[in-house]
>>> print(open('data.cif').read())   # mmCIF, N, CA and C atoms and all ligand atoms
data_protein
loop_
_atom_site.label_atom_id
_atom_site.label_comp_id
_atom_site.auth_asym_id
_atom_site.auth_seq_id
_atom_site.Cartn_x
_atom_site.Cartn_y
_atom_site.Cartn_z
N MET M 1 0.85 -1.19 0.00
CA MET M 1 0.00 0.00 0.00
C MET M 1 0.89 1.24 0.00
N SER M 2 0.80 2.04 -1.06
CA SER M 2 1.76 3.12 -1.25
C SER M 2 1.58 4.24 -0.23
N ASP M 3 0.37 4.36 0.33
CA ASP M 3 0.10 5.50 1.20
C ASP M 3 0.20 5.15 2.69
N CYS M 4 0.79 4.03 2.99
CA CYS M 4 0.79 3.55 4.38
C CYS M 4 2.10 3.93 5.08
N LEU M 5 1.98 4.60 6.23
CA LEU M 5 3.15 5.06 6.98
C LEU M 5 4.08 3.90 7.34
N PHE M 6 3.53 2.79 7.84
CA PHE M 6 4.40 1.71 8.28
C PHE M 6 4.97 0.94 7.10
N CYS M 7 4.29 0.89 5.96
CA CYS M 7 4.92 0.34 4.75
C CYS M 7 6.14 1.19 4.37
N LYS M 8 6.00 2.49 4.51
CA LYS M 8 7.11 3.39 4.17
C LYS M 8 8.27 3.21 5.15
N ILE M 9 7.96 3.01 6.42
CA ILE M 9 9.02 2.74 7.39
C ILE M 9 9.69 1.40 7.07
N ALA M 10 8.88 0.39 6.75
CA ALA M 10 9.46 -0.93 6.43
C ALA M 10 10.38 -0.84 5.22
N ALA M 11 10.00 -0.01 4.25
CA ALA M 11 10.78 0.14 3.03
C ALA M 11 11.97 1.07 3.20
N GLY M 12 12.08 1.71 4.35
CA GLY M 12 13.17 2.65 4.60
C GLY M 12 12.95 4.01 3.99
N GLU M 13 11.72 4.28 3.54
CA GLU M 13 11.43 5.59 2.92
C GLU M 13 11.17 6.66 3.96
N ILE M 14 10.79 6.25 5.16
CA ILE M 14 10.62 7.16 6.29
C ILE M 14 11.51 6.62 7.41
N PRO M 15 12.32 7.49 8.03
CA PRO M 15 13.24 6.99 9.06
C PRO M 15 12.53 6.52 10.32
N ALA M 16 13.12 5.54 10.95
CA ALA M 16 12.62 5.05 12.24
C ALA M 16 13.82 4.51 13.00
N ASP M 17 13.67 4.43 14.31
CA ASP M 17 14.74 3.91 15.17
C ASP M 17 14.57 2.39 15.23
N ARG M 18 15.18 1.71 14.26
CA ARG M 18 15.00 0.26 14.12
C ARG M 18 15.83 -0.49 15.14
N VAL M 19 15.23 -1.50 15.73
CA VAL M 19 16.00 -2.33 16.66
C VAL M 19 16.18 -3.74 16.14
N TYR M 20 15.38 -4.15 15.16
CA TYR M 20 15.49 -5.50 14.59
C TYR M 20 14.80 -5.51 13.24
N GLU M 21 15.31 -6.31 12.31
CA GLU M 21 14.58 -6.58 11.08
C GLU M 21 15.05 -7.89 10.47
N ASP M 22 14.14 -8.52 9.75
CA ASP M 22 14.50 -9.69 8.95
C ASP M 22 13.65 -9.65 7.69
N ASP M 23 13.57 -10.76 6.99
CA ASP M 23 12.86 -10.74 5.71
C ASP M 23 11.34 -10.59 5.87
N GLN M 24 10.82 -10.84 7.07
CA GLN M 24 9.37 -10.79 7.27
C GLN M 24 8.89 -9.66 8.15
N VAL M 25 9.79 -9.12 8.98
CA VAL M 25 9.38 -8.27 10.10
C VAL M 25 10.34 -7.10 10.27
N VAL M 26 9.80 -5.96 10.70
CA VAL M 26 10.63 -4.83 11.13
C VAL M 26 10.15 -4.41 12.52
N VAL M 27 11.10 -4.08 13.38
CA VAL M 27 10.79 -3.63 14.75
C VAL M 27 11.48 -2.28 14.96
N PHE M 28 10.71 -1.32 15.45
CA PHE M 28 11.28 0.02 15.67
C PHE M 28 10.64 0.65 16.90
N ARG M 29 11.29 1.72 17.38
CA ARG M 29 10.78 2.37 18.59
C ARG M 29 9.61 3.29 18.24
N ASP M 30 8.58 3.24 19.11
CA ASP M 30 7.43 4.12 18.93
C ASP M 30 7.89 5.58 19.07
N ILE M 31 7.40 6.43 18.19
CA ILE M 31 7.84 7.83 18.17
C ILE M 31 7.30 8.59 19.39
N ASN M 32 6.25 8.05 20.01
CA ASN M 32 5.63 8.69 21.17
C ASN M 32 5.51 7.66 22.29
N PRO M 33 6.64 7.28 22.89
CA PRO M 33 6.65 6.13 23.79
C PRO M 33 5.77 6.32 25.01
N LYS M 34 5.03 5.25 25.35
CA LYS M 34 4.15 5.26 26.53
C LYS M 34 4.80 4.51 27.70
N ALA M 35 6.04 4.08 27.52
CA ALA M 35 6.76 3.37 28.59
C ALA M 35 8.25 3.52 28.29
N GLU M 36 9.07 3.13 29.28
CA GLU M 36 10.53 3.22 29.08
C GLU M 36 10.95 2.54 27.79
N VAL M 37 10.41 1.35 27.57
CA VAL M 37 10.61 0.64 26.31
C VAL M 37 9.27 0.56 25.60
N HIS M 38 9.21 1.02 24.38
CA HIS M 38 7.96 0.93 23.61
C HIS M 38 8.33 0.68 22.15
N LEU M 39 8.23 -0.60 21.79
CA LEU M 39 8.56 -1.01 20.42
C LEU M 39 7.30 -1.31 19.64
N LEU M 40 7.40 -1.19 18.33
CA LEU M 40 6.34 -1.61 17.43
C LEU M 40 6.89 -2.71 16.53
N ILE M 41 6.18 -3.81 16.47
CA ILE M 41 6.59 -4.96 15.65
C ILE M 41 5.63 -5.02 14.48
N ILE M 42 6.14 -4.94 13.27
CA ILE M 42 5.24 -4.95 12.10
C ILE M 42 5.70 -6.00 11.09
N PRO M 43 4.75 -6.61 10.37
CA PRO M 43 5.13 -7.42 9.22
C PRO M 43 5.51 -6.50 8.07
N ARG M 44 6.43 -6.95 7.23
CA ARG M 44 6.73 -6.15 6.02
C ARG M 44 5.52 -6.10 5.09
N GLU M 45 4.79 -7.21 5.07
CA GLU M 45 3.59 -7.26 4.23
C GLU M 45 2.53 -6.32 4.78
N HIS M 46 1.88 -5.59 3.89
CA HIS M 46 0.80 -4.72 4.36
C HIS M 46 -0.43 -5.54 4.71
N LEU M 47 -0.79 -5.48 5.98
CA LEU M 47 -2.04 -6.05 6.48
C LEU M 47 -2.63 -4.96 7.36
N ALA M 48 -3.87 -4.57 7.12
CA ALA M 48 -4.42 -3.44 7.86
C ALA M 48 -4.50 -3.74 9.35
N GLY M 49 -4.82 -4.97 9.70
CA GLY M 49 -4.95 -5.30 11.11
C GLY M 49 -5.30 -6.76 11.28
N LEU M 50 -5.67 -7.12 12.51
CA LEU M 50 -5.99 -8.53 12.80
C LEU M 50 -7.10 -9.06 11.90
N ASN M 51 -8.03 -8.19 11.53
CA ASN M 51 -9.19 -8.66 10.75
C ASN M 51 -8.82 -9.11 9.34
N GLU M 52 -7.64 -8.78 8.89
CA GLU M 52 -7.22 -9.16 7.54
C GLU M 52 -6.44 -10.48 7.53
N LEU M 53 -6.22 -11.06 8.69
CA LEU M 53 -5.41 -12.29 8.73
C LEU M 53 -6.14 -13.47 8.12
N GLU M 54 -5.42 -14.24 7.33
CA GLU M 54 -5.95 -15.46 6.73
C GLU M 54 -5.00 -16.61 7.06
N SER M 55 -5.40 -17.84 6.70
CA SER M 55 -4.59 -19.00 7.07
C SER M 55 -3.18 -18.91 6.46
N GLY M 56 -3.07 -18.25 5.32
CA GLY M 56 -1.76 -18.09 4.69
C GLY M 56 -0.78 -17.26 5.50
N HIS M 57 -1.30 -16.57 6.53
CA HIS M 57 -0.43 -15.75 7.37
C HIS M 57 0.02 -16.48 8.64
N ASP M 58 -0.37 -17.73 8.77
CA ASP M 58 -0.08 -18.43 10.04
C ASP M 58 1.41 -18.48 10.38
N ALA M 59 2.23 -18.75 9.38
CA ALA M 59 3.67 -18.84 9.64
C ALA M 59 4.23 -17.47 10.03
N LEU M 60 3.74 -16.44 9.37
CA LEU M 60 4.18 -15.07 9.70
C LEU M 60 3.80 -14.72 11.14
N ILE M 61 2.58 -15.03 11.52
CA ILE M 61 2.13 -14.69 12.87
C ILE M 61 2.92 -15.48 13.92
N ALA M 62 3.17 -16.75 13.63
CA ALA M 62 3.97 -17.55 14.56
C ALA M 62 5.38 -16.95 14.69
N HIS M 63 5.94 -16.53 13.58
CA HIS M 63 7.27 -15.91 13.60
C HIS M 63 7.26 -14.66 14.47
N ILE M 64 6.25 -13.82 14.30
CA ILE M 64 6.16 -12.57 15.07
C ILE M 64 6.01 -12.89 16.56
N MET M 65 5.13 -13.82 16.88
CA MET M 65 4.89 -14.15 18.29
C MET M 65 6.15 -14.68 18.97
N ARG M 66 6.90 -15.49 18.24
CA ARG M 66 8.10 -16.07 18.83
C ARG M 66 9.26 -15.09 18.91
N LEU M 67 9.11 -13.98 18.20
CA LEU M 67 10.13 -12.93 18.24
C LEU M 67 10.03 -12.09 19.51
N ILE M 68 8.84 -12.05 20.09
CA ILE M 68 8.59 -11.12 21.20
C ILE M 68 9.52 -11.41 22.38
N GLN M 69 9.63 -12.67 22.75
CA GLN M 69 10.43 -13.00 23.94
C GLN M 69 11.90 -12.60 23.79
N PRO M 70 12.60 -12.96 22.70
CA PRO M 70 13.98 -12.49 22.58
C PRO M 70 14.12 -10.97 22.49
N LEU M 71 13.14 -10.32 21.86
CA LEU M 71 13.18 -8.85 21.82
C LEU M 71 13.08 -8.28 23.23
N ALA M 72 12.17 -8.85 24.03
CA ALA M 72 11.98 -8.36 25.40
C ALA M 72 13.26 -8.55 26.21
N VAL M 73 13.90 -9.70 26.06
CA VAL M 73 15.15 -9.95 26.79
C VAL M 73 16.22 -8.96 26.34
N GLU M 74 16.31 -8.73 25.04
CA GLU M 74 17.31 -7.79 24.51
C GLU M 74 17.10 -6.38 25.06
N GLN M 75 15.84 -6.05 25.33
CA GLN M 75 15.51 -4.71 25.84
C GLN M 75 15.57 -4.65 27.37
N GLY M 76 15.97 -5.74 28.00
CA GLY M 76 16.11 -5.74 29.47
C GLY M 76 14.81 -5.96 30.20
N LEU M 77 13.84 -6.59 29.55
CA LEU M 77 12.52 -6.74 30.15
C LEU M 77 12.29 -8.15 30.69
N GLU M 78 13.34 -8.72 31.29
CA GLU M 78 13.23 -10.09 31.81
C GLU M 78 12.12 -10.21 32.84
N SER M 79 11.83 -9.12 33.57
CA SER M 79 10.83 -9.24 34.64
C SER M 79 9.41 -9.01 34.16
N GLY M 80 9.24 -8.75 32.88
CA GLY M 80 7.88 -8.67 32.35
C GLY M 80 7.69 -7.55 31.34
N TYR M 81 6.63 -7.68 30.62
CA TYR M 81 6.32 -6.69 29.57
C TYR M 81 4.86 -6.85 29.20
N ARG M 82 4.38 -5.91 28.38
CA ARG M 82 2.98 -5.95 27.93
C ARG M 82 2.96 -5.85 26.41
N THR M 83 2.08 -6.64 25.80
CA THR M 83 1.88 -6.55 24.36
C THR M 83 0.44 -6.13 24.09
N ILE M 84 0.27 -5.25 23.11
CA ILE M 84 -1.06 -4.72 22.79
C ILE M 84 -1.22 -4.70 21.27
N ILE M 85 -2.39 -5.14 20.81
CA ILE M 85 -2.76 -4.97 19.40
C ILE M 85 -4.09 -4.24 19.38
N ASN M 86 -4.09 -3.01 18.91
CA ASN M 86 -5.34 -2.26 18.75
C ASN M 86 -5.93 -2.59 17.39
N THR M 87 -7.24 -2.81 17.36
CA THR M 87 -7.89 -3.21 16.12
C THR M 87 -9.10 -2.33 15.84
N GLY M 88 -9.04 -1.61 14.74
CA GLY M 88 -10.17 -0.80 14.29
C GLY M 88 -10.28 0.51 15.06
N LYS M 89 -11.10 1.39 14.52
CA LYS M 89 -11.27 2.72 15.10
C LYS M 89 -11.69 2.64 16.57
N ASP M 90 -12.66 1.80 16.86
CA ASP M 90 -13.14 1.72 18.24
C ASP M 90 -12.18 0.95 19.15
N GLY M 91 -11.20 0.30 18.55
CA GLY M 91 -10.16 -0.37 19.34
C GLY M 91 -8.95 0.52 19.55
N GLY M 92 -9.04 1.77 19.10
CA GLY M 92 -7.94 2.70 19.30
C GLY M 92 -6.83 2.61 18.26
N GLN M 93 -7.11 1.90 17.16
CA GLN M 93 -6.07 1.79 16.12
C GLN M 93 -5.98 3.10 15.34
N GLU M 94 -4.76 3.61 15.22
CA GLU M 94 -4.53 4.86 14.50
C GLU M 94 -3.78 4.64 13.21
N VAL M 95 -2.93 3.64 13.18
CA VAL M 95 -2.16 3.32 11.97
C VAL M 95 -2.65 1.96 11.48
N PHE M 96 -3.20 1.96 10.26
CA PHE M 96 -3.86 0.74 9.77
C PHE M 96 -2.91 -0.15 8.98
N HIS M 97 -1.85 -0.52 9.66
CA HIS M 97 -0.89 -1.55 9.24
C HIS M 97 -0.63 -2.33 10.52
N LEU M 98 -0.95 -3.61 10.50
CA LEU M 98 -0.88 -4.46 11.69
C LEU M 98 0.42 -4.22 12.47
N HIS M 99 0.29 -4.01 13.77
CA HIS M 99 1.47 -3.84 14.61
C HIS M 99 1.17 -4.30 16.03
N ILE M 100 2.20 -4.82 16.64
CA ILE M 100 2.13 -5.20 18.05
C ILE M 100 2.95 -4.20 18.84
N HIS M 101 2.33 -3.61 19.85
CA HIS M 101 3.07 -2.76 20.78
C HIS M 101 3.74 -3.67 21.80
N LEU M 102 5.03 -3.47 22.04
CA LEU M 102 5.76 -4.17 23.10
C LEU M 102 6.23 -3.10 24.09
N LEU M 103 5.63 -3.14 25.28
CA LEU M 103 5.87 -2.10 26.28
C LEU M 103 6.49 -2.70 27.52
N GLY M 104 7.40 -1.97 28.12
CA GLY M 104 7.99 -2.46 29.35
C GLY M 104 8.83 -1.41 30.04
N GLY M 105 9.32 -1.79 31.20
CA GLY M 105 10.07 -0.87 32.04
C GLY M 105 9.35 -0.78 33.37
N ARG M 106 9.88 0.04 34.24
CA ARG M 106 9.29 0.14 35.56
C ARG M 106 7.92 0.81 35.52
N ASP M 107 7.03 0.36 36.40
CA ASP M 107 5.76 1.05 36.65
C ASP M 107 4.92 1.25 35.41
N LEU M 108 4.64 0.17 34.69
CA LEU M 108 3.67 0.27 33.61
C LEU M 108 2.34 0.70 34.21
N PRO M 109 1.65 1.64 33.58
CA PRO M 109 0.36 2.05 34.12
C PRO M 109 -0.66 0.92 34.06
N GLY M 110 -1.67 1.01 34.88
CA GLY M 110 -2.75 0.02 34.84
C GLY M 110 -3.55 0.17 33.57
N PHE M 111 -4.31 -0.84 33.27
CA PHE M 111 -5.17 -0.84 32.08
C PHE M 111 -6.37 0.06 32.35
N SER M 112 -6.73 0.89 31.42
CA SER M 112 -7.96 1.67 31.54
C SER M 112 -8.44 2.06 30.17
P1 LIG X 201 -2.11 2.38 17.22
O1 LIG X 201 -2.91 3.41 17.98
O2 LIG X 201 -2.16 1.03 17.83
O3 LIG X 201 -2.47 2.40 15.74
O4 LIG X 201 -0.61 2.81 17.38
C1 LIG X 201 0.10 3.57 16.45
C2 LIG X 201 1.40 3.94 17.09
O5 LIG X 201 2.29 4.37 16.06
C3 LIG X 201 1.30 5.06 18.12
O6 LIG X 201 1.77 4.58 19.38
C4 LIG X 201 2.21 6.14 17.54
O7 LIG X 201 2.93 6.83 18.53
C5 LIG X 201 3.12 5.35 16.61
N1 LIG X 201 3.69 6.09 15.50
C6 LIG X 201 3.04 6.94 14.65
N2 LIG X 201 3.89 7.42 13.73
C7 LIG X 201 5.11 6.86 13.99
C8 LIG X 201 6.40 6.96 13.40
N3 LIG X 201 6.64 7.74 12.33
N4 LIG X 201 7.43 6.27 13.94
C9 LIG X 201 7.22 5.48 15.03
N5 LIG X 201 6.02 5.34 15.63
C10 LIG X 201 4.98 6.02 15.12
ZN ZN X 202 1.27 -0.82 5.32
#
>>> encode(input="data.cif", output="structure tokens", more="lines below")
Ligand code: AMP
Ligand code: ZN
Amino acid sequence: MSDCLFCKIAAGEIPADRVYEDDQVVVFRDINPKAEVHLLIIPREHLAGLNELESGHDALIAHIMRLIQPLAVEQGLESGYRTIINTGKDGGQEVFHLHIHLLGGRDLPGFS
């Protein structure tokens, strides 16, 4: 999708503070962090959100899920972290390219 911010970040057309990438995934720091550590994990493939997932994405999703733990350890989050996926307007999604928020550090706020 040519007009998608996270596609542009994945393609390197818009700068981001990247912490990891491979052939399927890019991970970068959120520009407006809500915690000491706040990463965004995105597939390179444009998928608007969870609602667009099909069976053909199963390997990609498994890859992303299994990436979270080593990323958390690399960021010093051995004692815990939070993952969030916002879906749709009423779910608080602002960027319509699937992403997982990985948040951690001391004193994460409560859910509200
Ligand atoms: P969501 O509300 O789940 O769609 O989250 C979108 C996130 O993308 C927000 O936490 C924003 O701070 C973050 N964000 C928006 N633009 C950028 C950018 N250029 N680089 C890094 N993070 C961004
Ligand atoms: Zn996209």
>>> select_by_dssp(input="data.cif", residues="chain M", states="strand (DSSP E or B)", output="list of chain:residue names")
M:Arg18, M:Val19, M:Tyr20, M:Glu21, M:Val25, M:Val26, M:Val27, M:Phe28, M:Arg29, M:Val37, M:His38, M:Leu39, M:Leu40, M:Ile41, M:Ile42, M:Pro43, M:Arg82, M:Thr83, M:Ile84, M:Ile100, M:His101, M:Leu102, M:Leu103, M:Gly104
>>> residues_near_point(input="data.cif", point="(11.2, 0.1, 31.0)", cutoff="8 Å", atoms="only N, CA and C atoms", output="PyMOL selection string")
chain M and resi 35-38+75-77+103-108
>>> closest_residue(input="data.cif", among="M:Ile41, M:Ala48, M:Ser2, M:Ile31", to="Val95 (chain M)", atoms="only C-alpha atoms")
M:Ala48
>>> closest_residue(input="data.cif", among="M:Ile61, M:Ala10, M:Ile100, M:Val19", to="ligand ZN 202 (chain X)", atoms="only N, CA and C atoms and all ligand atoms")
M:Ala10
>>> closest_residue(input="data.cif", among="M:Val27, M:Leu67, M:Val73, M:Ala16", to="ligand LIG 201 (chain X)", atoms="all atoms listed in the file")
M:Ala16
>>> residues_near_ligand(input="data.cif", ligand="ligand LIG 201 (chain X)", cutoff="12 Å", atoms="only C-alpha atoms and all ligand atoms", output="number ranges by chain")
M: 4-10, 12-19, 26-35, 37-42, 48-50, 83-103
>>> closest_residue(input="data.cif", among="M:Leu53, M:Leu47, M:Ala62, M:Ala72", to="ligand ZN 202 (chain X)", atoms="all atoms listed in the file")
M:Leu47
>>> select_by_dssp(input="data.cif", residues="chain M", states="alpha helix (DSSP H)", output="list in words")
Leu5, Phe6, Cys7, Lys8, Ile9, Ala10, Asp58, Ala59, Leu60, Ile61, Ala62, His63, Ile64, Met65, Arg66, Leu67, Ile68, Gln69, Pro70, Leu71, Ala72, Val73 and Glu74 of chain M
>>> write_last_selection(input="data.cif", atoms="N, CA and C atoms", output="PDB file, in the coordinates of the input")
ATOM      1  N   LEU M   5       1.980   4.600   6.230  1.00  0.00           N
ATOM      2  CA  LEU M   5       3.150   5.060   6.980  1.00  0.00           C
ATOM      3  C   LEU M   5       4.080   3.900   7.340  1.00  0.00           C
ATOM      4  N   PHE M   6       3.530   2.790   7.840  1.00  0.00           N
ATOM      5  CA  PHE M   6       4.400   1.710   8.280  1.00  0.00           C
ATOM      6  C   PHE M   6       4.970   0.940   7.100  1.00  0.00           C
ATOM      7  N   CYS M   7       4.290   0.890   5.960  1.00  0.00           N
ATOM      8  CA  CYS M   7       4.920   0.340   4.750  1.00  0.00           C
ATOM      9  C   CYS M   7       6.140   1.190   4.370  1.00  0.00           C
ATOM     10  N   LYS M   8       6.000   2.490   4.510  1.00  0.00           N
ATOM     11  CA  LYS M   8       7.110   3.390   4.170  1.00  0.00           C
ATOM     12  C   LYS M   8       8.270   3.210   5.150  1.00  0.00           C
ATOM     13  N   ILE M   9       7.960   3.010   6.420  1.00  0.00           N
ATOM     14  CA  ILE M   9       9.020   2.740   7.390  1.00  0.00           C
ATOM     15  C   ILE M   9       9.690   1.400   7.070  1.00  0.00           C
ATOM     16  N   ALA M  10       8.880   0.390   6.750  1.00  0.00           N
ATOM     17  CA  ALA M  10       9.460  -0.930   6.430  1.00  0.00           C
ATOM     18  C   ALA M  10      10.380  -0.840   5.220  1.00  0.00           C
ATOM     19  N   ASP M  58      -0.370 -17.730   8.770  1.00  0.00           N
ATOM     20  CA  ASP M  58      -0.080 -18.430  10.040  1.00  0.00           C
ATOM     21  C   ASP M  58       1.410 -18.480  10.380  1.00  0.00           C
ATOM     22  N   ALA M  59       2.230 -18.750   9.380  1.00  0.00           N
ATOM     23  CA  ALA M  59       3.670 -18.840   9.640  1.00  0.00           C
ATOM     24  C   ALA M  59       4.230 -17.470  10.030  1.00  0.00           C
ATOM     25  N   LEU M  60       3.740 -16.440   9.370  1.00  0.00           N
ATOM     26  CA  LEU M  60       4.180 -15.070   9.700  1.00  0.00           C
ATOM     27  C   LEU M  60       3.800 -14.720  11.140  1.00  0.00           C
ATOM     28  N   ILE M  61       2.580 -15.030  11.520  1.00  0.00           N
ATOM     29  CA  ILE M  61       2.130 -14.690  12.870  1.00  0.00           C
ATOM     30  C   ILE M  61       2.920 -15.480  13.920  1.00  0.00           C
ATOM     31  N   ALA M  62       3.170 -16.750  13.630  1.00  0.00           N
ATOM     32  CA  ALA M  62       3.970 -17.550  14.560  1.00  0.00           C
ATOM     33  C   ALA M  62       5.380 -16.950  14.690  1.00  0.00           C
ATOM     34  N   HIS M  63       5.940 -16.530  13.580  1.00  0.00           N
ATOM     35  CA  HIS M  63       7.270 -15.910  13.600  1.00  0.00           C
ATOM     36  C   HIS M  63       7.260 -14.660  14.470  1.00  0.00           C
ATOM     37  N   ILE M  64       6.250 -13.820  14.300  1.00  0.00           N
ATOM     38  CA  ILE M  64       6.160 -12.570  15.070  1.00  0.00           C
ATOM     39  C   ILE M  64       6.010 -12.890  16.560  1.00  0.00           C
ATOM     40  N   MET M  65       5.130 -13.820  16.880  1.00  0.00           N
ATOM     41  CA  MET M  65       4.890 -14.150  18.290  1.00  0.00           C
ATOM     42  C   MET M  65       6.150 -14.680  18.970  1.00  0.00           C
ATOM     43  N   ARG M  66       6.900 -15.490  18.240  1.00  0.00           N
ATOM     44  CA  ARG M  66       8.100 -16.070  18.830  1.00  0.00           C
ATOM     45  C   ARG M  66       9.260 -15.090  18.910  1.00  0.00           C
ATOM     46  N   LEU M  67       9.110 -13.980  18.200  1.00  0.00           N
ATOM     47  CA  LEU M  67      10.130 -12.930  18.240  1.00  0.00           C
ATOM     48  C   LEU M  67      10.030 -12.090  19.510  1.00  0.00           C
ATOM     49  N   ILE M  68       8.840 -12.050  20.090  1.00  0.00           N
ATOM     50  CA  ILE M  68       8.590 -11.120  21.200  1.00  0.00           C
ATOM     51  C   ILE M  68       9.520 -11.410  22.380  1.00  0.00           C
ATOM     52  N   GLN M  69       9.630 -12.670  22.750  1.00  0.00           N
ATOM     53  CA  GLN M  69      10.430 -13.000  23.940  1.00  0.00           C
ATOM     54  C   GLN M  69      11.900 -12.600  23.790  1.00  0.00           C
ATOM     55  N   PRO M  70      12.600 -12.960  22.700  1.00  0.00           N
ATOM     56  CA  PRO M  70      13.980 -12.490  22.580  1.00  0.00           C
ATOM     57  C   PRO M  70      14.120 -10.970  22.490  1.00  0.00           C
ATOM     58  N   LEU M  71      13.140 -10.320  21.860  1.00  0.00           N
ATOM     59  CA  LEU M  71      13.180  -8.850  21.820  1.00  0.00           C
ATOM     60  C   LEU M  71      13.080  -8.280  23.230  1.00  0.00           C
ATOM     61  N   ALA M  72      12.170  -8.850  24.030  1.00  0.00           N
ATOM     62  CA  ALA M  72      11.980  -8.360  25.400  1.00  0.00           C
ATOM     63  C   ALA M  72      13.260  -8.550  26.210  1.00  0.00           C
ATOM     64  N   VAL M  73      13.900  -9.700  26.060  1.00  0.00           N
ATOM     65  CA  VAL M  73      15.150  -9.950  26.790  1.00  0.00           C
ATOM     66  C   VAL M  73      16.220  -8.960  26.340  1.00  0.00           C
ATOM     67  N   GLU M  74      16.310  -8.730  25.040  1.00  0.00           N
ATOM     68  CA  GLU M  74      17.310  -7.790  24.510  1.00  0.00           C
ATOM     69  C   GLU M  74      17.100  -6.380  25.060  1.00  0.00           C
TER      70      GLU M  74
END
>>> closest_residue(input="data.cif", among="M:Gly110, M:His46, M:Gln24, M:His57", to="ligand ZN 202 (chain X)", atoms="all atoms listed in the file")
M:His46
>>> closest_residue(input="data.cif", among="M:Asp22, M:Glu78, M:Asp58, M:Arg44", to="ligand ZN 202 (chain X)", atoms="all atoms listed in the file")
M:Arg44
>>> atom_distance(input="data.cif", atom1="atom C of Val25 (chain M)", atom2="atom C of Ile68 (chain M)")
12.9 Å
>>> atom_distance(input="data.cif", atom1="CA of Asp23 (chain M)", atom2="CA of Gln69 (chain M)")
18.5 Å
>>> atom_distance(input="data.cif", atom1="CA of Leu60 (chain M)", atom2="CA of Glu21 (chain M)")
13.5 Å
>>> decode(input="data.cif", residues="region 82-94 of chain M", atoms="N, CA, C and O atoms", output="PDB file, in the first residue's frame")
ATOM      1  N   ARG M  82       4.375  -5.911  28.383  1.00  0.00           N
ATOM      2  CA  ARG M  82       2.983  -5.951  27.929  1.00  0.00           C
ATOM      3  C   ARG M  82       2.957  -5.852  26.409  1.00  0.00           C
ATOM      4  O   ARG M  82       3.725  -5.082  25.828  1.00  0.00           O
ATOM      5  N   THR M  83       2.079  -6.636  25.801  1.00  0.00           N
ATOM      6  CA  THR M  83       1.879  -6.552  24.356  1.00  0.00           C
ATOM      7  C   THR M  83       0.439  -6.131  24.094  1.00  0.00           C
ATOM      8  O   THR M  83      -0.488  -6.591  24.781  1.00  0.00           O
ATOM      9  N   ILE M  84       0.268  -5.245  23.113  1.00  0.00           N
ATOM     10  CA  ILE M  84      -1.062  -4.717  22.788  1.00  0.00           C
ATOM     11  C   ILE M  84      -1.219  -4.704  21.270  1.00  0.00           C
ATOM     12  O   ILE M  84      -0.293  -4.302  20.547  1.00  0.00           O
ATOM     13  N   ILE M  85      -2.385  -5.143  20.807  1.00  0.00           N
ATOM     14  CA  ILE M  85      -2.756  -4.967  19.399  1.00  0.00           C
ATOM     15  C   ILE M  85      -4.091  -4.238  19.377  1.00  0.00           C
ATOM     16  O   ILE M  85      -5.115  -4.784  19.805  1.00  0.00           O
ATOM     17  N   ASN M  86      -4.093  -3.009  18.906  1.00  0.00           N
ATOM     18  CA  ASN M  86      -5.335  -2.256  18.754  1.00  0.00           C
ATOM     19  C   ASN M  86      -5.933  -2.585  17.390  1.00  0.00           C
ATOM     20  O   ASN M  86      -5.218  -2.636  16.390  1.00  0.00           O
ATOM     21  N   THR M  87      -7.237  -2.814  17.365  1.00  0.00           N
ATOM     22  CA  THR M  87      -7.888  -3.211  16.121  1.00  0.00           C
ATOM     23  C   THR M  87      -9.101  -2.331  15.841  1.00  0.00           C
ATOM     24  O   THR M  87     -10.050  -2.303  16.624  1.00  0.00           O
ATOM     25  N   GLY M  88      -9.042  -1.612  14.738  1.00  0.00           N
ATOM     26  CA  GLY M  88     -10.168  -0.796  14.293  1.00  0.00           C
ATOM     27  C   GLY M  88     -10.282   0.512  15.064  1.00  0.00           C
ATOM     28  O   GLY M  88      -9.647   0.719  16.090  1.00  0.00           O
ATOM     29  N   LYS M  89     -11.104   1.387  14.524  1.00  0.00           N
ATOM     30  CA  LYS M  89     -11.274   2.718  15.097  1.00  0.00           C
ATOM     31  C   LYS M  89     -11.687   2.640  16.565  1.00  0.00           C
ATOM     32  O   LYS M  89     -11.100   3.308  17.414  1.00  0.00           O
ATOM     33  N   ASP M  90     -12.661   1.802  16.864  1.00  0.00           N
ATOM     34  CA  ASP M  90     -13.141   1.718  18.241  1.00  0.00           C
ATOM     35  C   ASP M  90     -12.182   0.950  19.149  1.00  0.00           C
ATOM     36  O   ASP M  90     -12.341   0.950  20.373  1.00  0.00           O
ATOM     37  N   GLY M  91     -11.199   0.295  18.549  1.00  0.00           N
ATOM     38  CA  GLY M  91     -10.162  -0.371  19.337  1.00  0.00           C
ATOM     39  C   GLY M  91      -8.947   0.520  19.550  1.00  0.00           C
ATOM     40  O   GLY M  91      -7.926   0.068  20.097  1.00  0.00           O
ATOM     41  N   GLY M  92      -9.038   1.766  19.097  1.00  0.00           N
ATOM     42  CA  GLY M  92      -7.935   2.700  19.302  1.00  0.00           C
ATOM     43  C   GLY M  92      -6.831   2.607  18.264  1.00  0.00           C
ATOM     44  O   GLY M  92      -5.751   3.164  18.457  1.00  0.00           O
ATOM     45  N   GLN M  93      -7.106   1.901  17.158  1.00  0.00           N
ATOM     46  CA  GLN M  93      -6.067   1.791  16.120  1.00  0.00           C
ATOM     47  C   GLN M  93      -5.977   3.095  15.338  1.00  0.00           C
ATOM     48  O   GLN M  93      -6.995   3.621  14.862  1.00  0.00           O
ATOM     49  N   GLU M  94      -4.762   3.607  15.225  1.00  0.00           N
ATOM     50  CA  GLU M  94      -4.534   4.863  14.499  1.00  0.00           C
ATOM     51  C   GLU M  94      -3.779   4.639  13.208  1.00  0.00           C
ATOM     52  O   GLU M  94      -3.932   5.396  12.244  1.00  0.00           O
TER      53      GLU M  94
END
